[in-house]
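Q: Sharing model_12.txt here; it has compact mmCIF, C-alpha atoms and all ligand atoms.
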```
# COMPACT_ATOMS: atom_id res chain seq x y z
CA MET U 1 0.00 0.00 0.00
CA ALA U 2 1.20 3.48 -0.74
CA ASN U 3 2.98 5.37 2.00
CA THR U 4 0.62 7.91 3.56
CA GLY U 5 3.21 10.50 4.50
CA LEU U 6 1.80 10.50 8.04
CA ALA U 7 3.40 9.19 11.21
CA SER U 8 2.23 5.64 11.91
CA GLY U 9 -0.84 5.56 14.10
CA THR U 10 -2.19 8.75 12.56
CA GLU U 11 -5.54 8.19 10.96
CA VAL U 12 -5.79 8.90 7.27
CA PRO U 13 -9.00 10.78 6.43
CA GLU U 14 -11.50 9.25 4.02
CA PHE U 15 -11.66 10.48 0.44
CA PRO U 16 -14.05 13.50 0.40
CA VAL U 17 -17.30 12.55 -1.34
CA THR U 18 -20.04 14.56 0.39
CA ARG U 19 -21.64 17.43 -1.45
CA PRO U 20 -23.14 20.19 0.73
CA ASP U 21 -26.96 20.07 1.15
CA SER U 22 -27.08 23.78 0.34
CA CYS U 23 -25.90 23.36 -3.26
CA PRO U 24 -25.84 20.12 -5.27
CA PHE U 25 -23.33 21.67 -7.70
CA ASP U 26 -20.61 22.33 -5.11
CA PRO U 27 -17.95 19.70 -4.39
CA ASP U 28 -17.16 18.48 -0.87
CA GLU U 29 -16.45 21.46 1.41
CA THR U 30 -13.26 19.78 2.64
CA TYR U 31 -11.54 20.86 -0.56
CA THR U 32 -11.61 24.55 0.40
CA ARG U 33 -9.75 23.77 3.62
CA LEU U 34 -7.32 21.39 1.92
CA ARG U 35 -6.38 23.97 -0.72
CA ALA U 36 -5.49 26.40 2.07
CA ASP U 37 -3.92 24.08 4.66
CA ARG U 38 -2.74 20.86 3.07
CA PRO U 39 -2.94 21.01 -0.73
CA VAL U 40 -1.30 17.62 -1.14
CA SER U 41 -2.99 15.53 1.48
CA PRO U 42 -3.15 11.79 2.21
CA VAL U 43 -6.60 10.20 1.93
CA ARG U 44 -7.97 6.69 2.12
CA CYS U 45 -9.78 5.80 -1.09
CA PRO U 46 -12.89 3.61 -1.23
CA ALA U 47 -10.90 1.03 -3.25
CA GLY U 48 -8.71 0.54 -0.18
CA MET U 49 -5.47 2.28 -1.12
CA ASN U 50 -4.14 5.51 0.33
CA ALA U 51 -3.43 8.27 -2.15
CA TRP U 52 -2.19 11.85 -2.22
CA LEU U 53 -5.13 14.13 -2.93
CA VAL U 54 -3.90 17.09 -4.97
CA SER U 55 -6.33 19.97 -4.62
CA ARG U 56 -4.71 23.15 -6.02
CA TYR U 57 -5.03 24.14 -9.66
CA GLU U 58 -1.31 24.56 -10.40
CA ASP U 59 -0.34 21.33 -8.65
CA ILE U 60 -3.02 19.45 -10.62
CA ARG U 61 -1.58 20.76 -13.89
CA ASP U 62 1.86 19.61 -12.74
CA VAL U 63 0.52 16.14 -11.94
CA LEU U 64 -1.24 15.80 -15.28
CA THR U 65 1.84 16.80 -17.27
CA ASP U 66 4.50 14.85 -15.36
CA PRO U 67 5.58 11.79 -17.40
CA ARG U 68 6.75 10.12 -14.19
CA LEU U 69 3.13 9.94 -13.07
CA SER U 70 1.52 7.08 -14.93
CA SER U 71 -2.06 6.79 -16.16
CA ARG U 72 -1.96 3.04 -15.64
CA GLY U 73 -5.14 2.23 -13.78
CA ALA U 74 -6.29 5.77 -14.53
CA GLY U 75 -9.77 7.23 -14.48
CA SER U 76 -11.58 6.94 -11.17
CA MET U 77 -10.41 3.46 -10.19
CA HIS U 78 -9.72 4.72 -6.67
CA MET U 79 -13.48 4.93 -6.14
CA LEU U 80 -14.34 1.31 -6.94
CA PRO U 81 -15.39 -0.97 -4.07
CA SER U 82 -12.11 -2.85 -4.60
CA TYR U 83 -9.38 -2.71 -7.17
CA ASP U 84 -6.56 -4.85 -8.50
CA LEU U 85 -3.89 -3.06 -10.47
CA ARG U 86 -3.86 -4.93 -13.76
CA ASP U 87 -2.09 -4.25 -16.99
CA PRO U 88 -4.29 -2.04 -19.14
CA LEU U 89 -5.97 -3.66 -22.12
CA PRO U 90 -4.18 -2.89 -25.37
CA GLY U 91 -6.18 -0.09 -26.94
CA SER U 92 -7.24 1.38 -23.60
CA MET U 93 -5.63 4.66 -24.56
CA ILE U 94 -6.65 6.52 -21.42
CA GLN U 95 -4.61 4.04 -19.32
CA LEU U 96 -1.48 3.90 -21.47
CA ASP U 97 1.65 6.02 -21.12
CA GLY U 98 4.41 7.36 -23.34
CA ALA U 99 4.92 5.86 -26.79
CA GLU U 100 2.07 3.33 -26.43
CA HIS U 101 -0.37 6.12 -25.72
CA ALA U 102 1.06 8.46 -28.36
CA ARG U 103 0.72 5.78 -31.06
CA LEU U 104 -3.05 5.49 -30.51
CA ARG U 105 -3.59 9.20 -29.97
CA ARG U 106 -1.80 9.95 -33.25
CA LEU U 107 -4.04 7.53 -35.14
CA LEU U 108 -7.19 9.04 -33.65
CA ILE U 109 -6.52 12.75 -33.38
CA GLY U 110 -7.32 13.52 -37.04
CA GLU U 111 -10.90 12.36 -36.41
CA PHE U 112 -11.44 15.07 -33.78
CA THR U 113 -10.09 18.21 -35.42
CA VAL U 114 -12.02 21.46 -34.93
CA ARG U 115 -12.87 21.41 -38.65
CA ARG U 116 -14.26 17.88 -38.58
CA MET U 117 -16.25 18.63 -35.44
CA GLU U 118 -17.63 21.89 -36.85
CA ALA U 119 -18.79 19.91 -39.89
CA LEU U 120 -20.99 17.90 -37.50
CA ARG U 121 -22.74 21.03 -36.15
CA PRO U 122 -25.64 20.94 -38.66
CA TYR U 123 -26.28 17.26 -37.85
CA ILE U 124 -26.19 18.00 -34.11
CA GLN U 125 -28.58 20.91 -34.68
CA MET U 126 -30.92 18.65 -36.63
CA ILE U 127 -31.12 15.98 -33.93
CA ALA U 128 -31.51 18.62 -31.21
CA ASP U 129 -34.46 20.06 -33.15
CA GLU U 130 -36.00 16.63 -33.75
CA HIS U 131 -35.85 15.78 -30.06
CA ILE U 132 -37.35 19.11 -29.11
CA ASP U 133 -40.16 18.57 -31.66
CA ALA U 134 -40.87 15.22 -30.01
CA MET U 135 -40.88 16.76 -26.51
CA LEU U 136 -43.13 19.63 -27.60
CA ALA U 137 -45.64 17.12 -28.94
CA GLY U 138 -46.37 15.97 -25.37
CA PRO U 139 -47.29 17.72 -22.11
CA SER U 140 -44.04 16.97 -20.26
CA ALA U 141 -40.73 15.14 -20.75
CA ASP U 142 -37.72 13.73 -19.01
CA LEU U 143 -34.91 15.98 -20.17
CA VAL U 144 -32.31 13.27 -19.50
CA GLN U 145 -33.90 10.40 -21.47
CA ASP U 146 -35.61 12.53 -24.10
CA PHE U 147 -32.87 15.03 -24.86
CA ALA U 148 -29.56 15.01 -22.95
CA LEU U 149 -28.74 11.34 -23.48
CA PRO U 150 -29.87 10.77 -27.10
CA ILE U 151 -28.00 13.73 -28.59
CA PRO U 152 -24.40 12.72 -27.74
CA SER U 153 -25.30 9.03 -28.17
CA LEU U 154 -26.60 9.57 -31.69
CA VAL U 155 -23.55 11.65 -32.57
CA ILE U 156 -20.97 9.16 -31.34
CA CYS U 157 -22.88 6.29 -33.00
CA GLU U 158 -22.93 8.21 -36.27
CA MET U 159 -19.19 8.93 -35.98
CA LEU U 160 -18.19 5.39 -35.09
CA GLY U 161 -20.65 3.67 -37.41
CA VAL U 162 -22.49 1.99 -34.51
CA PRO U 163 -26.23 1.36 -35.16
CA TYR U 164 -28.17 3.61 -32.77
CA GLU U 165 -30.95 0.97 -32.59
CA ASP U 166 -28.62 -0.90 -30.21
CA HIS U 167 -28.40 2.05 -27.81
CA GLU U 168 -30.32 0.40 -24.98
CA VAL U 169 -27.80 -2.42 -24.85
CA PHE U 170 -24.67 -0.27 -24.82
CA GLN U 171 -26.17 2.41 -22.57
CA ARG U 172 -26.99 -0.19 -19.92
CA ASP U 173 -23.45 -1.54 -19.97
CA SER U 174 -21.81 1.85 -20.06
CA GLU U 175 -23.93 2.91 -17.06
CA LEU U 176 -22.64 -0.17 -15.24
CA LEU U 177 -19.06 0.85 -16.04
CA MET U 178 -19.63 4.43 -14.92
CA GLY U 179 -21.22 3.54 -11.58
CA PHE U 180 -19.53 2.15 -8.49
CA GLU U 181 -22.36 -0.11 -7.37
CA ALA U 182 -21.53 -3.10 -9.57
CA ASP U 183 -18.86 -5.49 -8.33
CA GLU U 184 -15.73 -6.26 -10.30
CA ALA U 185 -17.22 -9.35 -11.96
CA ALA U 186 -20.27 -7.43 -13.19
CA ARG U 187 -18.11 -4.59 -14.47
CA ASP U 188 -15.78 -7.00 -16.24
CA ALA U 189 -18.76 -8.72 -17.85
CA ALA U 190 -20.17 -5.37 -19.03
CA GLY U 191 -16.78 -4.45 -20.50
CA ARG U 192 -16.53 -7.81 -22.27
CA ARG U 193 -20.06 -7.49 -23.69
CA LEU U 194 -19.25 -4.05 -25.08
CA GLU U 195 -15.97 -5.28 -26.53
CA GLY U 196 -17.70 -8.27 -28.12
CA TYR U 197 -20.29 -5.94 -29.61
CA LEU U 198 -17.65 -3.56 -31.05
CA GLY U 199 -15.49 -6.54 -32.11
CA GLU U 200 -18.32 -7.77 -34.33
CA LEU U 201 -18.74 -4.39 -35.98
CA ILE U 202 -14.99 -4.17 -36.52
CA GLY U 203 -15.03 -7.61 -38.13
CA GLN U 204 -17.60 -6.30 -40.62
CA ARG U 205 -15.50 -3.18 -41.31
CA LEU U 206 -12.42 -5.29 -41.99
CA THR U 207 -14.14 -6.96 -44.92
CA GLU U 208 -16.42 -4.08 -45.93
CA PRO U 209 -15.02 -0.66 -44.99
CA GLN U 210 -17.58 2.14 -44.58
CA ASP U 211 -17.30 5.92 -44.35
CA ASP U 212 -16.90 5.91 -40.57
CA LEU U 213 -14.29 6.40 -37.87
CA LEU U 214 -13.71 2.69 -37.22
CA SER U 215 -13.04 1.97 -40.91
CA ARG U 216 -10.69 4.94 -41.23
CA LEU U 217 -8.86 3.91 -38.05
CA ILE U 218 -8.29 0.41 -39.49
CA ALA U 219 -6.98 1.92 -42.73
CA ARG U 220 -4.72 4.41 -40.91
CA GLY U 221 -3.32 1.64 -38.70
CA ASN U 222 -2.58 -0.46 -41.79
CA GLU U 223 -0.41 2.33 -43.15
CA THR U 224 1.90 2.04 -40.13
CA ASP U 225 4.42 -0.69 -39.35
CA ARG U 226 2.13 -1.88 -36.53
CA PRO U 227 -1.49 -2.19 -37.70
CA LEU U 228 -4.18 -2.10 -35.04
CA ALA U 229 -5.26 -5.51 -33.77
CA VAL U 230 -9.01 -6.22 -33.57
CA GLU U 231 -8.91 -6.25 -29.76
CA GLU U 232 -7.15 -2.88 -29.69
CA LEU U 233 -9.77 -1.45 -32.00
CA ALA U 234 -12.57 -2.92 -29.90
CA THR U 235 -11.22 -1.43 -26.66
CA LEU U 236 -10.69 1.93 -28.31
CA GLY U 237 -14.21 1.76 -29.73
CA VAL U 238 -15.68 1.03 -26.29
CA LEU U 239 -13.75 3.94 -24.78
CA LEU U 240 -15.06 6.32 -27.43
CA LEU U 241 -18.61 5.02 -27.19
CA VAL U 242 -18.74 5.29 -23.40
CA ALA U 243 -16.71 8.50 -23.00
CA GLY U 244 -18.46 10.02 -26.00
CA HIS U 245 -21.95 10.00 -24.58
CA GLU U 246 -21.97 9.66 -20.78
CA THR U 247 -19.95 12.78 -20.01
CA THR U 248 -21.68 15.16 -22.41
CA ALA U 249 -25.15 13.83 -21.57
CA ASN U 250 -24.61 14.58 -17.89
CA MET U 251 -23.22 18.01 -18.72
CA ILE U 252 -26.26 18.88 -20.86
CA ALA U 253 -28.73 17.97 -18.11
CA LEU U 254 -26.79 19.60 -15.25
CA SER U 255 -26.09 22.74 -17.28
CA THR U 256 -29.79 23.09 -18.07
CA LEU U 257 -30.54 22.75 -14.37
CA VAL U 258 -28.01 25.47 -13.49
CA LEU U 259 -29.68 27.76 -16.03
CA LEU U 260 -33.20 27.00 -14.77
CA GLU U 261 -32.11 27.72 -11.20
CA ASP U 262 -31.62 31.42 -12.00
CA PRO U 263 -34.09 33.14 -14.35
CA ALA U 264 -31.73 36.11 -14.85
CA ARG U 265 -28.96 33.79 -15.98
CA MET U 266 -31.31 32.02 -18.34
CA ALA U 267 -32.66 35.30 -19.74
CA ALA U 268 -29.12 36.61 -20.34
CA LEU U 269 -28.20 33.59 -22.44
CA GLN U 270 -31.54 33.66 -24.25
CA ALA U 271 -30.92 37.30 -25.16
CA ALA U 272 -27.33 36.70 -26.33
CA PRO U 273 -27.05 33.15 -27.70
CA ASP U 274 -23.74 34.01 -29.37
CA THR U 275 -22.14 34.12 -25.90
CA VAL U 276 -22.84 30.41 -25.41
CA GLY U 277 -19.21 29.42 -26.12
CA THR U 278 -18.01 31.36 -23.05
CA ALA U 279 -20.99 30.17 -21.00
CA VAL U 280 -20.20 26.52 -21.78
CA GLU U 281 -16.62 26.90 -20.50
CA GLU U 282 -17.91 28.34 -17.24
CA LEU U 283 -20.44 25.52 -16.90
CA LEU U 284 -17.70 22.94 -17.53
CA ARG U 285 -15.59 24.61 -14.82
CA TYR U 286 -18.40 25.03 -12.32
CA LEU U 287 -19.84 21.54 -12.72
CA SER U 288 -16.59 19.52 -13.09
CA VAL U 289 -18.53 16.35 -13.81
CA ILE U 290 -15.49 14.03 -13.47
CA GLN U 291 -16.38 14.38 -9.83
CA PHE U 292 -13.76 12.21 -8.14
CA GLY U 293 -10.80 13.41 -10.16
CA LEU U 294 -8.11 11.55 -12.08
CA PHE U 295 -5.99 8.79 -10.62
CA ARG U 296 -2.23 8.59 -11.24
CA TYR U 297 0.63 6.33 -10.12
CA ALA U 298 4.18 7.50 -9.33
CA THR U 299 6.77 5.47 -11.24
CA GLU U 300 9.60 7.48 -9.62
CA ASP U 301 10.06 9.69 -6.58
CA VAL U 302 8.60 13.12 -7.34
CA THR U 303 7.76 16.32 -5.50
CA VAL U 304 4.25 17.69 -5.93
CA GLY U 305 3.39 21.06 -4.43
CA GLY U 306 6.40 20.75 -2.11
CA THR U 307 5.35 17.27 -0.88
CA ALA U 308 7.60 14.27 -1.48
CA VAL U 309 5.74 11.47 -3.26
CA LYS U 310 7.58 8.15 -3.44
CA ALA U 311 7.69 5.73 -6.36
CA GLY U 312 4.78 3.30 -6.03
CA GLU U 313 2.42 5.80 -4.41
CA TRP U 314 -0.92 6.94 -5.84
CA LEU U 315 -2.18 10.44 -6.50
CA VAL U 316 -5.58 11.87 -7.31
CA ALA U 317 -5.79 15.11 -9.29
CA ALA U 318 -8.95 16.58 -7.76
CA ILE U 319 -10.45 18.29 -10.81
CA PRO U 320 -13.52 19.74 -9.01
CA SER U 321 -11.20 21.34 -6.44
CA GLY U 322 -8.75 22.75 -9.00
CA ASN U 323 -11.68 24.31 -10.83
CA ARG U 324 -12.79 26.03 -7.61
CA ASP U 325 -9.28 27.30 -6.76
CA GLU U 326 -9.85 30.89 -5.67
CA SER U 327 -6.33 31.94 -6.69
CA VAL U 328 -7.22 31.21 -10.33
CA PHE U 329 -11.00 31.72 -10.48
CA PRO U 330 -12.14 34.59 -8.20
CA ALA U 331 -15.43 33.85 -6.38
CA PRO U 332 -15.13 30.27 -7.66
CA ASP U 333 -18.44 29.05 -6.22
CA THR U 334 -20.39 31.61 -8.24
CA VAL U 335 -21.58 30.88 -11.77
CA ASP U 336 -20.54 33.79 -13.95
CA LEU U 337 -21.46 32.95 -17.53
CA GLY U 338 -19.29 35.82 -18.78
CA ARG U 339 -16.18 34.55 -16.98
CA GLN U 340 -13.22 33.63 -19.21
CA ALA U 341 -12.91 30.11 -17.81
CA ARG U 342 -11.41 28.22 -20.74
CA THR U 343 -8.30 27.33 -18.74
CA HIS U 344 -10.43 25.10 -16.49
CA LEU U 345 -9.44 21.48 -15.87
CA ALA U 346 -12.79 19.82 -16.56
CA LEU U 347 -11.49 18.22 -19.76
CA GLY U 348 -8.18 17.23 -18.20
CA PHE U 349 -4.74 18.60 -19.06
CA GLY U 350 -1.54 17.27 -20.59
CA ALA U 351 -1.05 14.20 -22.76
CA HIS U 352 -4.48 12.71 -22.03
CA GLN U 353 -6.51 15.91 -22.30
CA CYS U 354 -9.94 15.00 -23.64
CA ILE U 355 -9.72 14.10 -27.31
CA GLY U 356 -13.47 14.71 -27.74
CA GLN U 357 -13.42 18.17 -26.18
CA GLN U 358 -14.35 20.08 -29.33
CA LEU U 359 -17.24 17.75 -29.98
CA ALA U 360 -18.44 18.08 -26.39
CA ARG U 361 -18.31 21.87 -26.66
CA ILE U 362 -20.37 21.93 -29.85
CA GLU U 363 -22.93 19.47 -28.48
CA LEU U 364 -23.34 21.58 -25.36
CA GLN U 365 -23.55 24.84 -27.27
CA VAL U 366 -26.19 23.52 -29.68
CA ALA U 367 -28.19 21.71 -26.99
CA LEU U 368 -28.38 24.71 -24.65
CA THR U 369 -29.10 27.44 -27.21
CA THR U 370 -31.73 25.32 -28.97
CA LEU U 371 -33.48 24.45 -25.70
CA LEU U 372 -33.57 28.09 -24.59
CA ARG U 373 -34.79 29.31 -27.97
CA ARG U 374 -37.44 26.69 -28.60
CA MET U 375 -38.60 26.07 -25.04
CA PRO U 376 -38.42 29.52 -23.42
CA GLY U 377 -40.86 28.51 -20.69
CA LEU U 378 -38.87 25.40 -19.71
CA ARG U 379 -39.02 24.62 -15.98
CA LEU U 380 -38.63 21.71 -13.59
CA ALA U 381 -41.76 19.64 -13.06
CA MET U 382 -40.79 18.95 -9.45
CA PRO U 383 -38.74 20.65 -6.72
CA LEU U 384 -34.96 20.49 -7.13
CA ALA U 385 -34.67 18.76 -3.77
CA GLN U 386 -36.46 15.71 -5.23
CA SER U 387 -33.98 15.33 -8.10
CA GLU U 388 -31.88 12.20 -8.04
CA PHE U 389 -28.24 13.09 -8.59
CA LYS U 390 -25.54 10.58 -9.58
CA ARG U 391 -23.56 11.09 -6.39
CA ASN U 392 -21.71 7.79 -6.69
CA ASP U 393 -20.92 7.64 -10.38
CA ILE U 394 -17.64 8.49 -12.08
CA VAL U 395 -19.49 11.25 -13.92
CA TYR U 396 -21.78 13.50 -11.89
CA GLY U 397 -25.22 14.08 -13.33
CA LEU U 398 -28.93 13.46 -12.96
CA ARG U 399 -30.76 10.15 -13.33
CA SER U 400 -33.85 11.92 -14.60
CA MET U 401 -35.08 15.48 -14.96
CA PRO U 402 -38.86 15.85 -15.37
CA VAL U 403 -39.65 19.14 -17.12
CA VAL U 404 -42.66 21.10 -18.38
CA TRP U 405 -42.79 24.29 -20.48
C1 LIG U 501 -18.34 17.30 -21.33
C2 LIG U 501 -17.91 16.19 -21.81
C3 LIG U 501 -16.59 15.55 -21.49
C4 LIG U 501 -15.81 15.63 -20.36
C5 LIG U 501 -16.10 16.43 -19.09
C6 LIG U 501 -14.64 14.83 -20.59
C7 LIG U 501 -13.57 14.71 -19.70
C8 LIG U 501 -12.38 14.07 -19.99
C9 LIG U 501 -11.20 14.09 -19.13
C10 LIG U 501 -11.09 14.80 -17.79
C11 LIG U 501 -10.23 13.35 -19.74
C12 LIG U 501 -8.80 13.11 -19.23
C13 LIG U 501 -8.62 11.76 -18.60
C14 LIG U 501 -7.26 11.53 -17.99
O1 LIG U 501 -6.37 12.39 -18.07
O2 LIG U 501 -7.06 10.46 -17.39
C15 LIG U 501 -10.81 12.84 -20.97
C16 LIG U 501 -10.14 12.02 -21.86
C17 LIG U 501 -10.76 11.44 -22.94
N1 LIG U 501 -12.00 11.75 -23.46
FE1 LIG U 501 -13.31 13.07 -22.72
N2 LIG U 501 -14.73 14.25 -21.82
C18 LIG U 501 -15.89 14.67 -22.42
C19 LIG U 501 -16.35 14.32 -23.68
C20 LIG U 501 -15.78 13.40 -24.51
C21 LIG U 501 -16.26 13.00 -25.80
C22 LIG U 501 -17.49 13.59 -26.47
C23 LIG U 501 -15.41 12.02 -26.26
C24 LIG U 501 -15.42 11.24 -27.55
C25 LIG U 501 -16.14 11.44 -28.54
C26 LIG U 501 -14.38 11.83 -25.27
C27 LIG U 501 -13.34 10.92 -25.37
C28 LIG U 501 -12.23 10.94 -24.54
C29 LIG U 501 -11.06 10.06 -24.75
C30 LIG U 501 -10.90 9.02 -25.83
C31 LIG U 501 -10.15 10.39 -23.74
C32 LIG U 501 -8.77 9.76 -23.53
C33 LIG U 501 -7.72 10.61 -24.20
C34 LIG U 501 -6.32 10.09 -24.01
O3 LIG U 501 -6.08 9.19 -23.21
O4 LIG U 501 -5.41 10.61 -24.69
N3 LIG U 501 -14.63 12.69 -24.22
N4 LIG U 501 -12.10 13.32 -21.10
```
Could you rewrite the structure in this file as structure tokens?
Ligand code: HEM

A:
Amino acid sequence: MANTGLASGTEVPEFPVTRPDSCPFDPDETYTRLRADRPVSPVRCPAGMNAWLVSRYEDIRDVLTDPRLSSRGAGSMHMLPSYDLRDPLPGSMIQLDGAEHARLRRLLIGEFTVRRMEALRPYIQMIADEHIDAMLAGPSADLVQDFALPIPSLVICEMLGVPYEDHEVFQRDSELLMGFEADEAARDAAGRRLEGYLGELIGQRLTEPQDDLLSRLIARGNETDRPLAVEELATLGVLLLVAGHETTANMIALSTLVLLEDPARMAALQAAPDTVGTAVEELLRYLSVIQFGLFRYATEDVTVGGTAVKAGEWLVAAIPSGNRDESVFPAPDTVDLGRQARTHLALGFGAHQCIGQQLARIELQVALTTLLRRMPGLRLAMPLAQSEFKRNDIVYGLRSMPVVW
């Protein structure tokens, strides 16, 4: 187990997971104290290991750019009920380091250029409009199931060449992977089902290439001296499918809620929809949906924020805390849609910074402006206090959001 940096006998505090009752958008209040008093602080993670919790903005950027801090076992593995450090699956880009990671990132990056993503804007607009038409045809709707979830799911399916008709199957499994309730066996089974599903599609693309990301990835890999194996492609496909819809869907629903909570805020964005780009950055900062941060592993002795971290120890870059660091974002707990917040950490930083960030931005911009324009009377159908938040999932969000207009 990692060294805690505390004298033996001293109790290591539990990983902070409690959001204040006063505001469901604020992270655990402990972070404010940690940033001031002990910015690199030992905590006991639910998975059983101790880790250094890094809570200041600058230190988090250092962690995420230090090649001595490995992404092996990355993501939010520290929050699982238990965890074995295994070798990452080939193709699990988010967990690979150095040259292995760079090889996959290089093959994929051309699919996510600003130009390519902007070319998707009319399609995203069309599906946003179609889903709003469908909602307007009834008396009420669930904004999560009827709008926030289908938009990014349809887009990533279209990009990958995955039939959207199968969405119930892959959404169920990706929800299992994103939650912490399922045990390791159930999570493994969900991962295998998704990989089997993608593996079949890849098999079809190998014999009959289409105009989609998976086919182009196969072709690009074949031009290198190390073509992509089917299992690498399947793992990469699962990562894109899961990361491509869960995160943005939760951001769309939570962002809408933040807007509905303050009529003046909503009116300001309705009156100036061209400011949505700036507003989306602030919402990404404020909501920091990767709620338990990013896990890293020290392969060598390093110093983080003046604290010695030994080889073999774990760290957690606490994204929600870094995004509320008062030395970088004045009045950090206030939503200021005009704030220049683009330097936030919500999409990560360094070598693994979100590859889908431009897509996420466009989806959010289109979803929010279209909702505000076409449903100006949108409001919650029940009190906020009754909303069910995803307090225990890797990505913070809402399970459902009943609305009327
Ligand atoms: C608001 C929505 C999103 C948020 C908040 C988000 C957040 C993040 C974060 C924090 C990371 C860094 C992980 C790390 O350093 O360990 C990341 C990486 C990644 N994201 Fe996103 N993401 C979003 C949308 C998307 C979309 C739409 C896609 C795909 C279409 C995507 C695909 C990925 C992939 C493949 C990586 C791994 C990149 C690498 O390892 O080089 N994400 N994301």

Q: Return the single residue from U:Gln358, U:Ser82, U:Ser255, U:Thr65 that is closest to Met117 (chain U), with distances computed using all atoms listed in the file.

A: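 Checking each candidate against Met117 (chain U), we get U:Gln358 as the closest.
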
Q: So the first atom is CA of Glu184 (chain U) and the second is CA of Leu96 (chain U); what is the distance between them in Å, to one decimal place?

A: 20.8 Å

Q: Excluding same-chain residues fewer than 5 positions from region 185-190 of chain U, what lies within 7 Å of it counting only C-alpha atoms, as a list in words?

A: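 Using only C-alpha atoms, the neighbours found are Asp173, Leu176 and Leu177 of chain U.
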
Q: Those same residues - C-alpha atoms - I'd like them written as a PDB file, in the frame of the given file.

A:
```
ATOM      1  CA  ASP U 173     -23.450  -1.540 -19.970  1.00  0.00           C
ATOM      2  CA  LEU U 176     -22.640  -0.170 -15.240  1.00  0.00           C
ATOM      3  CA  LEU U 177     -19.060   0.850 -16.040  1.00  0.00           C
TER       4      LEU U 177
END
```

Q: Excluding region 203-220 of chain U and any residue of its chain fewer than 4 positions from it, enumerate the residues within 6 Å of it, using only C-alpha atoms, and give them as a list in words.

A: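 In the requested form, the answer reads Met159, Leu160 and Gly161 of chain U.
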
Q: What does the distance between CA of Pro139 (chain U) and CA of Lys390 (chain U) come to in Å, to one decimal place?

A: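 Taking CA of Pro139 (chain U) and CA of Lys390 (chain U), their separation equals 26.1 Å.
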
Q: Set the cut-off to 6 Å, count only C-alpha atoms and all ligand atoms, and list whatever residues fall near ligand LIG 501 (chain U) as a list in words.

A: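 Answer in the requested format: Ala74, Gly75, Met93, Ile94, Arg105, Leu239, Leu240, Ala243, Gly244, Thr247, Thr248, Met251, Val289, Leu294, Ala346, Leu347, Gly348, Ala351, His352, Gln353, Cys354, Ile355, Gly356, Gln357, Leu359 and Ala360 of chain U.
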
Q: Using all atoms listed in the file, find all polymer residues with an atom at most 7 Å away from the point (-13.5, 5.5, -4.9); report them as a PyMOL selection string.

A: chain U and resi 45-47+76-81

Q: What is the CA of Thr299 (chain U)-CA of Glu313 (chain U) distance in Å, reported with one decimal?

A: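 Answer for the CA of Thr299 (chain U) to CA of Glu313 (chain U) separation: 8.1 Å.
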
Q: Which protein, DNA or RNA residues have an atom at most 10 Å from (-31.0, 12.4, -27.0), counting only C-alpha atoms? List them as a PDB file with C-alpha atoms, in the coordinates of the input.

A:
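Okay, this is what ended up in part.pdb:
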```pdb
ATOM      1  CA  ILE U 127     -31.120  15.980 -33.930  1.00  0.00           C
ATOM      2  CA  ALA U 128     -31.510  18.620 -31.210  1.00  0.00           C
ATOM      3  CA  GLU U 130     -36.000  16.630 -33.750  1.00  0.00           C
ATOM      4  CA  HIS U 131     -35.850  15.780 -30.060  1.00  0.00           C
ATOM      5  CA  ILE U 132     -37.350  19.110 -29.110  1.00  0.00           C
ATOM      6  CA  LEU U 143     -34.910  15.980 -20.170  1.00  0.00           C
ATOM      7  CA  VAL U 144     -32.310  13.270 -19.500  1.00  0.00           C
ATOM      8  CA  GLN U 145     -33.900  10.400 -21.470  1.00  0.00           C
ATOM      9  CA  ASP U 146     -35.610  12.530 -24.100  1.00  0.00           C
ATOM     10  CA  PHE U 147     -32.870  15.030 -24.860  1.00  0.00           C
ATOM     11  CA  ALA U 148     -29.560  15.010 -22.950  1.00  0.00           C
ATOM     12  CA  LEU U 149     -28.740  11.340 -23.480  1.00  0.00           C
ATOM     13  CA  PRO U 150     -29.870  10.770 -27.100  1.00  0.00           C
ATOM     14  CA  ILE U 151     -28.000  13.730 -28.590  1.00  0.00           C
ATOM     15  CA  PRO U 152     -24.400  12.720 -27.740  1.00  0.00           C
ATOM     16  CA  SER U 153     -25.300   9.030 -28.170  1.00  0.00           C
ATOM     17  CA  LEU U 154     -26.600   9.570 -31.690  1.00  0.00           C
ATOM     18  CA  VAL U 155     -23.550  11.650 -32.570  1.00  0.00           C
ATOM     19  CA  HIS U 245     -21.950  10.000 -24.580  1.00  0.00           C
ATOM     20  CA  ALA U 249     -25.150  13.830 -21.570  1.00  0.00           C
ATOM     21  CA  ALA U 367     -28.190  21.710 -26.990  1.00  0.00           C
TER      22      ALA U 367
END
```

Q: Tell me, as a VMD selection string, which residues lie within 9 Å of Asp142 (chain U), counting all atoms listed in the file; anything in the same chain fewer than 4 positions away does not count.

A: chain U and resid 135 146 to 147 400 to 404

Q: Between U:Tyr57, U:Pro27, U:Pro90, U:Leu378, which has the minimum distance to Val328 (chain U) (counting only C-alpha atoms)?

A: U:Tyr57

Q: Measuring between only C-alpha atoms, which one of U:Val238, U:Ala264, U:Ala119, U:Ile202 shows the shortest distance to Gln171 (chain U)?

A: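 With only C-alpha atoms as the atom set, the closest residue is U:Val238.
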
Q: Which residue out of U:Met49, U:Val304, U:Val43, U:Val395 has the minimum interatomic distance to Glu246 (chain U) when all atoms listed in the file are used?

A: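 Of all the options, U:Val395 lies closest to Glu246 (chain U).
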